[in-house]
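Coordinates from run34.cif are shown below (mmCIF, C-alpha atoms).
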data_run
loop_
_atom_site.label_atom_id
_atom_site.label_comp_id
_atom_site.auth_asym_id
_atom_site.auth_seq_id
_atom_site.Cartn_x
_atom_site.Cartn_y
_atom_site.Cartn_z
CA MET A 1485 6.69 3.69 2.52
CA GLU A 1486 9.66 3.92 4.88
CA ASN A 1487 9.71 0.14 5.38
CA VAL A 1488 9.49 -0.43 1.64
CA PHE A 1489 12.40 1.78 0.65
CA HIS A 1490 14.61 0.87 3.58
CA THR A 1491 14.23 -2.69 2.29
CA VAL A 1492 14.98 -1.67 -1.29
CA ALA A 1493 18.01 0.36 -0.21
CA GLU A 1494 19.45 -2.52 1.81
CA GLU A 1495 19.05 -4.90 -1.11
CA ILE A 1496 20.59 -2.42 -3.55
CA GLU A 1497 23.64 -2.07 -1.31
CA ASN A 1498 23.89 -5.87 -1.07
CA LEU A 1499 23.67 -6.30 -4.85
CA SER A 1500 26.05 -3.53 -5.91
CA HIS A 1501 28.61 -1.02 -4.75
CA THR A 1502 25.91 1.63 -4.60
CA THR A 1503 25.69 3.72 -1.43
CA VAL A 1504 22.22 4.84 -0.39
CA LEU A 1505 21.86 7.87 1.89
CA TYR A 1506 18.73 9.03 3.70
CA THR A 1507 17.98 12.61 4.62
CA CYS A 1508 14.72 13.96 6.00
CA SER A 1509 14.45 16.28 8.99
CA GLY A 1510 10.74 17.06 8.88
CA SER A 1511 11.45 20.69 7.97
CA TRP A 1512 11.12 21.39 4.25
CA ILE A 1513 13.73 24.16 4.38
CA SER A 1514 16.23 21.89 6.14
CA ASP A 1515 15.47 19.03 3.77
CA ILE A 1516 16.14 21.17 0.70
CA PHE A 1517 19.38 22.50 2.19
CA ASN A 1518 20.58 19.05 3.27
CA ILE A 1519 19.78 17.31 0.00
CA ARG A 1520 21.31 20.03 -2.17
CA ASN A 1521 24.54 19.65 -0.21
CA ILE A 1522 24.83 15.95 -1.00
CA ASN A 1523 26.78 15.30 -4.20
CA ALA A 1524 24.74 12.32 -5.39
CA ASP A 1525 24.59 10.57 -8.74
CA ILE A 1526 20.82 10.26 -8.37
CA TYR A 1527 18.34 12.00 -6.09
CA HIS A 1528 15.44 9.59 -5.63
CA ILE A 1529 12.45 11.01 -3.74
CA THR A 1530 10.23 8.15 -2.66
CA GLY A 1531 7.26 9.96 -1.14
CA ASP A 1532 5.66 12.94 0.61
CA ILE A 1533 8.35 15.53 -0.19
CA TYR A 1534 8.09 15.52 -4.00
CA TYR A 1535 8.24 19.35 -4.01
CA ILE A 1536 11.94 19.15 -3.09
CA SER A 1537 12.59 17.90 -6.64
CA LEU A 1538 11.80 21.44 -7.85
CA PHE A 1539 15.11 22.54 -6.24
CA LEU A 1540 17.20 19.66 -7.61
CA PRO A 1541 18.79 19.08 -11.05
CA ARG A 1542 16.36 17.44 -13.46
CA LYS A 1543 19.01 15.17 -15.01
CA LYS A 1544 19.79 13.60 -11.64
CA THR A 1545 16.37 13.52 -9.94
CA THR A 1546 13.56 10.97 -10.00
CA LEU A 1547 10.39 10.23 -8.04
CA THR A 1548 8.35 7.20 -7.01
CA PHE A 1549 4.60 7.69 -6.84
CA HIS A 1550 2.61 5.27 -4.65
CA ASP A 1551 -0.79 6.78 -5.34
CA ILE A 1552 -2.49 10.14 -5.82
CA GLY A 1553 -5.36 9.45 -3.44
CA TYR A 1554 -4.63 12.72 -1.63
CA PHE A 1555 -5.76 14.52 -4.79
CA LYS A 1556 -8.12 12.01 -6.41
CA ASN A 1557 -10.30 11.38 -3.37
CA LYS A 1558 -10.62 14.98 -2.16
CA LYS A 1559 -13.28 17.49 -3.07
CA ARG A 1560 -12.27 19.68 -5.99
CA SER A 1561 -11.42 23.19 -4.81
CA PHE A 1562 -8.98 25.95 -5.68
CA LYS A 1563 -6.97 25.24 -2.51
CA ASN A 1564 -6.67 21.51 -3.24
CA LEU A 1565 -5.70 22.21 -6.85
CA MET A 1566 -2.93 24.59 -5.73
CA LEU A 1567 -1.65 22.02 -3.25
CA ALA A 1568 -1.71 19.32 -5.92
CA LEU A 1569 0.23 21.55 -8.32
CA ILE A 1570 3.02 22.09 -5.77
CA LEU A 1571 3.03 18.67 -4.13
CA PHE A 1572 2.50 16.43 -7.16
CA ILE A 1573 1.94 17.95 -10.58
CA PHE A 1574 4.87 20.37 -11.01
CA PRO A 1575 7.37 17.79 -9.63
CA ALA A 1576 5.98 15.09 -11.95
CA TRP A 1577 6.07 17.38 -14.99
CA LYS A 1578 9.69 18.23 -14.27
CA MET A 1579 10.94 14.62 -14.25
CA LYS A 1580 12.51 13.00 -17.29
CA LYS A 1581 11.70 9.57 -15.80
CA MET A 1582 9.89 8.33 -12.71
CA THR A 1583 8.51 5.14 -11.22
CA CYS A 1584 5.17 4.13 -9.74
CA VAL A 1585 4.03 1.00 -7.93
CA SER A 1586 1.04 -0.15 -10.00
CA GLN A 1587 -0.69 0.14 -13.34
CA LEU A 1588 -3.53 2.03 -11.64
CA THR A 1589 -1.16 4.68 -10.29
CA LYS A 1590 0.40 5.02 -13.74
CA MET A 1591 -2.99 5.56 -15.34
CA ASP A 1592 -3.94 8.05 -12.63
CA LEU A 1593 -0.76 10.04 -13.30
CA ILE A 1594 -1.59 10.06 -17.01
CA ASN A 1595 -5.29 10.85 -16.68
CA TYR A 1596 -5.28 13.31 -13.77
CA PHE A 1597 -1.88 15.00 -14.19
CA ARG A 1598 -1.34 14.57 -17.96
CA ILE A 1599 2.06 12.91 -17.50
CA ASN A 1600 3.70 11.46 -20.60
CA PRO A 1601 3.30 7.64 -20.22
CA ARG A 1602 6.79 7.08 -21.65
CA LYS A 1603 8.22 8.78 -18.55
CA ILE A 1604 6.61 6.31 -16.12
CA ILE A 1605 8.09 2.90 -15.23
CA ILE A 1606 6.11 0.48 -13.04
CA ILE A 1607 8.12 -1.21 -10.28
CA ASN A 1608 6.12 -3.09 -7.65
CA ASP A 1609 6.68 -2.60 -3.95
CA PRO A 1610 8.60 -5.46 -2.32
CA LEU A 1611 7.53 -7.48 0.70
CA SER A 1612 9.28 -5.41 3.36
CA LEU A 1613 8.28 -6.94 6.70
CA LYS A 1614 10.17 -10.07 7.78
CA LEU A 1615 7.27 -12.44 7.21
CA THR A 1616 7.38 -16.20 6.71
CA TYR A 1617 4.77 -18.90 6.30
CA ILE A 1618 3.35 -19.88 9.71
CA PRO A 1619 0.54 -22.45 9.50
CA LYS A 1620 -2.45 -21.95 11.78
CA VAL A 1621 -5.40 -24.16 12.64
CA PHE A 1622 -8.33 -22.17 11.27
CA ASN A 1623 -10.85 -21.20 13.93
CA GLU A 1624 -14.10 -22.22 12.23
CA MET A 1625 -16.15 -21.52 15.38
CA LYS A 1626 -15.03 -17.90 15.79
CA PRO A 1627 -12.52 -16.75 13.15
CA VAL A 1628 -10.40 -13.67 13.76
CA ILE A 1629 -10.75 -11.21 10.88
CA LEU A 1630 -7.92 -8.67 10.58
CA GLN A 1631 -8.45 -5.19 9.16
CA ILE A 1632 -5.36 -3.02 8.55
CA GLY A 1633 -6.13 0.71 8.38
CA THR A 1634 -9.28 2.64 9.21
CA GLY A 1635 -9.36 5.57 6.79
CA ILE A 1636 -12.70 5.98 5.05
CA HIS A 1637 -11.33 4.38 1.87
CA LYS A 1638 -10.32 1.25 3.85
CA ASN A 1639 -14.03 0.38 4.03
CA LEU A 1640 -14.28 -0.85 7.61
CA ILE A 1641 -17.99 -0.13 7.34
CA GLY A 1642 -18.26 -2.84 4.68
CA LEU A 1643 -16.71 -5.41 7.01
CA ILE A 1644 -18.94 -4.39 9.93
CA GLU A 1645 -22.13 -4.71 7.89
CA ALA A 1646 -20.99 -8.00 6.36
CA ALA A 1647 -19.83 -9.65 9.60
CA LYS A 1648 -22.52 -8.44 12.02
CA ASP A 1649 -24.39 -11.77 11.83
CA ILE A 1650 -21.27 -13.97 11.72
CA HIS A 1651 -19.79 -15.34 14.94
CA CYS A 1652 -16.32 -13.83 14.66
CA GLN A 1653 -13.86 -11.37 16.16
CA LEU A 1654 -12.71 -8.25 14.34
CA MET A 1655 -9.07 -7.34 14.95
CA ILE A 1656 -8.72 -3.70 13.85
CA VAL A 1657 -5.40 -1.89 13.43
CA GLY A 1658 -6.02 1.83 13.25
CA ASP A 1659 -8.25 4.50 14.74
CA PRO A 1660 -11.87 3.97 13.69
CA SER A 1661 -14.41 6.74 14.05
CA ARG A 1662 -16.70 6.94 17.07
CA GLU A 1663 -19.62 6.27 14.71
CA LEU A 1664 -18.15 2.92 13.60
CA ILE A 1665 -17.31 1.90 17.16
CA GLU A 1666 -20.87 2.66 18.25
CA LYS A 1667 -22.20 0.64 15.31
CA MET A 1668 -20.13 -2.40 16.33
CA ASP A 1669 -21.39 -2.01 19.90
CA ARG A 1670 -25.03 -1.83 18.73
CA TYR A 1671 -24.55 -5.00 16.72
CA GLY A 1672 -22.99 -6.73 19.74
CA MET A 1673 -19.82 -7.52 17.80
CA GLU A 1674 -16.61 -8.71 19.41
CA TYR A 1675 -13.68 -6.54 18.38
CA SER A 1676 -10.28 -5.21 19.41
CA ILE A 1677 -8.66 -1.94 18.33
CA GLU A 1678 -4.94 -1.12 18.42
CA ASN A 1679 -2.83 1.54 16.73
CA ASN A 1680 0.74 2.86 16.61
CA LEU A 1681 2.06 -0.70 16.44
CA THR A 1682 5.69 -1.64 15.86
CA ASN A 1683 6.57 -3.82 12.88
CA ASP A 1684 6.90 -6.84 15.18
CA GLN A 1685 3.44 -6.18 16.62
CA VAL A 1686 1.95 -5.93 13.12
CA ILE A 1687 3.59 -9.25 12.22
CA GLU A 1688 2.01 -10.78 15.32
CA LYS A 1689 -1.43 -9.63 14.14
CA TYR A 1690 -0.98 -11.45 10.84
CA ILE A 1691 0.06 -14.60 12.70
CA LEU A 1692 -2.94 -14.47 15.05
CA CYS A 1693 -5.62 -13.78 12.44
CA ASP A 1694 -7.59 -16.32 10.41
CA ILE A 1695 -8.60 -14.00 7.54
CA LEU A 1696 -7.34 -10.67 6.22
CA TYR A 1697 -10.06 -8.29 5.07
CA PHE A 1698 -8.77 -5.59 2.71
CA ALA A 1699 -11.71 -4.59 0.52
CA SER A 1700 -10.72 -0.94 0.10
CA TRP A 1701 -12.43 1.52 -2.19
CA SER A 1702 -9.12 3.06 -3.25
CA GLU A 1703 -5.47 1.99 -3.01
CA GLY A 1704 -2.23 2.67 -4.81
CA PHE A 1705 -0.87 -0.83 -4.17
CA GLY A 1706 -2.22 -2.82 -1.21
CA MET A 1707 0.73 -4.07 0.85
CA PRO A 1708 -1.37 -5.93 3.49
CA ILE A 1709 -2.51 -8.33 0.76
CA ILE A 1710 0.96 -9.75 0.15
CA GLU A 1711 1.88 -9.53 3.84
CA ALA A 1712 -1.05 -11.81 4.77
CA GLN A 1713 -0.29 -14.10 1.83
CA ALA A 1714 3.31 -14.46 3.02
CA VAL A 1715 2.15 -15.66 6.44
CA GLY A 1716 -0.37 -18.03 4.86
CA ARG A 1717 -3.70 -16.39 5.56
CA PRO A 1718 -6.69 -16.24 3.19
CA VAL A 1719 -7.40 -12.77 1.86
CA ILE A 1720 -10.61 -10.97 0.94
CA THR A 1721 -9.97 -7.90 -1.18
CA SER A 1722 -11.63 -5.60 -3.70
CA ASN A 1723 -12.28 -6.45 -7.32
CA MET A 1724 -11.10 -2.90 -8.10
CA ALA A 1725 -7.62 -2.10 -9.46
CA PRO A 1726 -4.91 -2.48 -8.34
CA MET A 1727 -5.93 -5.18 -5.84
CA PRO A 1728 -6.50 -8.01 -8.38
CA ASP A 1729 -3.08 -7.31 -9.93
CA VAL A 1730 -1.39 -7.35 -6.53
CA ALA A 1731 -3.17 -10.44 -5.17
CA GLY A 1732 -2.96 -12.63 -8.26
CA LYS A 1733 -5.09 -15.75 -7.73
CA GLY A 1734 -4.51 -15.71 -3.98
CA ALA A 1735 -7.60 -13.82 -2.81
CA SER A 1736 -11.37 -13.79 -2.80
CA PHE A 1737 -12.44 -10.73 -4.79
CA VAL A 1738 -15.55 -8.76 -3.85
CA ASP A 1739 -17.38 -5.60 -4.76
CA PRO A 1740 -16.36 -3.36 -1.82
CA ARG A 1741 -19.71 -1.56 -2.06
CA SER A 1742 -21.65 -4.78 -1.41
CA PRO A 1743 -21.75 -5.99 2.22
CA GLU A 1744 -23.74 -9.00 1.04
CA GLU A 1745 -20.96 -10.01 -1.35
CA ILE A 1746 -18.37 -9.54 1.41
CA LYS A 1747 -20.48 -11.67 3.74
CA MET A 1748 -20.70 -14.45 1.14
CA ALA A 1749 -16.90 -14.40 0.75
CA LEU A 1750 -16.44 -14.64 4.53
CA ILE A 1751 -18.85 -17.57 4.79
CA GLN A 1752 -17.20 -19.38 1.88
CA ILE A 1753 -13.76 -19.12 3.49
CA ILE A 1754 -15.11 -20.17 6.91
CA GLU A 1755 -17.19 -23.10 5.69
CA GLN A 1756 -15.12 -24.47 2.78
CA PRO A 1757 -11.69 -25.73 3.90
CA GLU A 1758 -10.61 -26.75 0.38
CA TYR A 1759 -11.35 -23.29 -0.99
CA ARG A 1760 -9.54 -21.72 1.97
CA GLU A 1761 -6.44 -23.86 1.40
CA GLN A 1762 -6.51 -23.03 -2.31
CA LEU A 1763 -6.41 -19.30 -1.52
CA ILE A 1764 -3.52 -19.84 0.90
CA SER A 1765 -1.54 -21.90 -1.63
CA GLU A 1766 -2.10 -19.39 -4.45
CA GLY A 1767 -1.15 -16.56 -2.10
CA LEU A 1768 2.13 -18.19 -1.13
CA ASN A 1769 2.96 -18.61 -4.83
CA ASN A 1770 2.01 -15.00 -5.56
CA VAL A 1771 4.36 -13.58 -2.92
CA HIS A 1772 7.40 -14.69 -4.92
CA LYS A 1773 6.74 -11.78 -7.33
CA TYR A 1774 7.56 -9.35 -4.52
CA ASN A 1775 10.97 -10.69 -3.52
CA PRO A 1776 13.03 -7.69 -2.31
CA SER A 1777 16.15 -8.76 -4.24
CA GLU A 1778 14.25 -8.86 -7.51
CA ILE A 1779 12.62 -5.48 -6.88
CA ALA A 1780 16.04 -4.02 -6.03
CA ARG A 1781 17.41 -5.32 -9.35
CA GLU A 1782 14.59 -3.56 -11.16
CA TYR A 1783 15.54 -0.30 -9.43
CA LEU A 1784 19.20 -0.77 -10.31
CA ASP A 1785 18.23 -1.30 -13.96
CA PHE A 1786 16.05 1.81 -13.76
CA TYR A 1787 18.93 3.88 -12.34
CA CYS A 1788 21.24 2.71 -15.11
CA SER A 1789 18.69 3.61 -17.80
CA PHE A 1790 18.05 6.91 -16.03
CA LEU A 1791 21.71 7.90 -16.19
CA SER A 1792 22.27 6.73 -19.77
#

Let's see the structure in the file written out as structure tokens.
Amino acid sequence: MENVFHTVAEEIENLSHTTVLYTCSGSWISDIFNIRNINADIYHITGDIYYISLFLPRKKTTLTFHDIGYFKNKKRSFKNLMLALILFIFPAWKMKKMTCVSQLTKMDLINYFRINPRKIIIINDPLSLKLTYIPKVFNEMKPVILQIGTGIHKNLIGLIEAAKDIHCQLMIVGDPSRELIEKMDRYGMEYSIENNLTNDQVIEKYILCDILYFASWSEGFGMPIIEAQAVGRPVITSNMAPMPDVAGKGASFVDPRSPEEIKMALIQIIEQPEYREQLISEGLNNVHKYNPSEIAREYLDFYCSFLS
């Protein structure tokens, strides 16, 4: 989220005379004090600290919701409901207008939090990493399959079960569970695991890989999809919203609950060069929708409508 809105802020400043300030200390008391002492035209809270909006003027405050997975994917309990009320629901109810990054997130806000749909404007996330098309000779003998993220919803287990009989290397960015590591070892799979990477190191992973696997069970947007497309790598992703909306025609869509379907998609990309090149070409076309300048213009239009 930080990369996304640093990019948006830079583009907004380039397109207009708007000044964008950041303030976040990590202490909620300090954050409230610091933000209330800034005489801003608009207070735009872009993630995590939505509760601060409860201490700011409604006419000048807006939020951007990326997803509500924290609430939607957790077990229902009194404690989780209270946290959701403070962290998400009360701030969202207070807003006169807000943005979200996908149609799925908008529908979740409406269905789970009973937010008035007229208050919610969809503005996609922009491509925030400095990624360009870098052709690569596809390694048909032992393709490198990149997985970004290892939370349960990222469905690394689906990739492991699908690829266990394919001669390949898994390149995993994250911190997989001991259980998943032991499973890869039992299957005799070749894999690498890295975490806490810099942006440049993440970019290098996209360049080195042959395929991006991103068949999550739940996402608010799905940034790795467009990041891999921008570099020119074929993508396998879920047939569940919002991934098809984000990927356009530039991905192979699978049921994330079906390792067999994931395996078939992997084999098709590995064994059919024409299909692979079609995915790459469609992906490169799709990335144009996420141009940072265009996304920044959408936010500027939103701010103007917000203040009117």

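In this model, the gap between CA of Asp1694 in chain A and CA of Asn1623 in chain A comes to 6.8 Å.
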
query = Expanded to explicit residues, what is the PyMOL selection byres ((chain A and resi 1703) around 9) for this file, as a count of residues only?
reply = 16

ask   = Pick from A:Asn1595, A:Ser1777, A:Ser1612, A:Thr1530: nearest to Lys1556 in chain A, with all atoms listed in the file counted?
value = A:Asn1595

ask   = Could you tell me, as a ChimeraX atom specification, which residues have any atom at most 12 Å from (2.3, 19.7, -6.7), counting all atoms listed in the file?
value = /A:1532-1538,1552,1554-1555,1563-1578,1597

inquiry  = Starting from the PyMOL selection byres ((chain A and resi 1643-1646) around 12), expand the selection into actual residues of this file and give them as a count of residues only.
reply    = 57

Can you complete the atoms of range 1688-1718 of chain A to N, CA and C atoms and list them as a compact mmCIF listing (two decimals), in the frame of the given file?
# COMPACT_ATOMS: atom_id res chain seq x y z
N GLU A 1688 2.76 -9.93 14.39
CA GLU A 1688 2.01 -10.78 15.32
C GLU A 1688 0.52 -10.80 14.98
N LYS A 1689 -0.02 -9.68 14.53
CA LYS A 1689 -1.43 -9.63 14.14
C LYS A 1689 -1.70 -10.55 12.95
N TYR A 1690 -0.81 -10.55 11.99
CA TYR A 1690 -0.98 -11.45 10.84
C TYR A 1690 -0.95 -12.91 11.30
N ILE A 1691 -0.06 -13.22 12.22
CA ILE A 1691 0.06 -14.60 12.70
C ILE A 1691 -1.21 -15.03 13.44
N LEU A 1692 -1.78 -14.13 14.22
CA LEU A 1692 -2.94 -14.47 15.05
C LEU A 1692 -4.25 -14.55 14.28
N CYS A 1693 -4.34 -13.85 13.15
CA CYS A 1693 -5.62 -13.78 12.44
C CYS A 1693 -5.90 -15.05 11.65
N ASP A 1694 -7.18 -15.23 11.29
CA ASP A 1694 -7.59 -16.32 10.41
C ASP A 1694 -7.84 -15.84 8.99
N ILE A 1695 -8.28 -14.58 8.85
CA ILE A 1695 -8.60 -14.00 7.54
C ILE A 1695 -8.13 -12.56 7.54
N LEU A 1696 -7.58 -12.11 6.42
CA LEU A 1696 -7.34 -10.67 6.22
C LEU A 1696 -8.46 -10.11 5.37
N TYR A 1697 -9.08 -9.03 5.85
CA TYR A 1697 -10.06 -8.29 5.07
C TYR A 1697 -9.39 -7.00 4.60
N PHE A 1698 -9.40 -6.79 3.27
CA PHE A 1698 -8.77 -5.59 2.71
C PHE A 1698 -9.54 -5.14 1.47
N ALA A 1699 -10.85 -4.97 1.64
CA ALA A 1699 -11.71 -4.59 0.52
C ALA A 1699 -11.85 -3.07 0.46
N SER A 1700 -10.75 -2.40 0.16
CA SER A 1700 -10.72 -0.94 0.10
C SER A 1700 -11.45 -0.43 -1.12
N TRP A 1701 -11.85 0.84 -1.03
CA TRP A 1701 -12.43 1.52 -2.19
C TRP A 1701 -11.34 2.12 -3.08
N SER A 1702 -10.18 2.40 -2.49
CA SER A 1702 -9.12 3.06 -3.25
C SER A 1702 -7.77 2.73 -2.63
N GLU A 1703 -6.83 2.28 -3.45
CA GLU A 1703 -5.47 1.99 -3.01
C GLU A 1703 -4.50 2.28 -4.16
N GLY A 1704 -3.26 2.56 -3.80
CA GLY A 1704 -2.23 2.67 -4.81
C GLY A 1704 -1.56 1.35 -5.07
N PHE A 1705 -1.50 0.49 -4.03
CA PHE A 1705 -0.87 -0.83 -4.17
C PHE A 1705 -1.65 -1.86 -3.36
N GLY A 1706 -1.51 -1.85 -2.04
CA GLY A 1706 -2.22 -2.82 -1.21
C GLY A 1706 -1.28 -3.79 -0.52
N MET A 1707 -0.29 -3.26 0.21
CA MET A 1707 0.73 -4.07 0.85
C MET A 1707 0.17 -5.14 1.80
N PRO A 1708 -0.88 -4.87 2.61
CA PRO A 1708 -1.37 -5.93 3.49
C PRO A 1708 -1.76 -7.22 2.76
N ILE A 1709 -2.13 -7.13 1.51
CA ILE A 1709 -2.51 -8.33 0.76
C ILE A 1709 -1.35 -9.30 0.72
N ILE A 1710 -0.18 -8.82 0.28
CA ILE A 1710 0.96 -9.75 0.15
C ILE A 1710 1.56 -10.08 1.51
N GLU A 1711 1.39 -9.21 2.50
CA GLU A 1711 1.88 -9.53 3.84
C GLU A 1711 1.09 -10.70 4.42
N ALA A 1712 -0.23 -10.69 4.28
CA ALA A 1712 -1.05 -11.81 4.77
C ALA A 1712 -0.77 -13.07 3.96
N GLN A 1713 -0.60 -12.93 2.65
CA GLN A 1713 -0.29 -14.10 1.83
C GLN A 1713 1.02 -14.74 2.27
N ALA A 1714 2.01 -13.93 2.62
CA ALA A 1714 3.31 -14.46 3.02
C ALA A 1714 3.22 -15.29 4.29
N VAL A 1715 2.32 -14.91 5.19
CA VAL A 1715 2.15 -15.66 6.44
C VAL A 1715 1.30 -16.91 6.22
N GLY A 1716 0.49 -16.90 5.15
CA GLY A 1716 -0.37 -18.03 4.86
C GLY A 1716 -1.78 -17.86 5.36
N ARG A 1717 -2.33 -16.65 5.14
CA ARG A 1717 -3.70 -16.39 5.56
C ARG A 1717 -4.56 -16.07 4.34
N PRO A 1718 -5.79 -16.57 4.31
CA PRO A 1718 -6.69 -16.24 3.19
C PRO A 1718 -7.05 -14.76 3.21
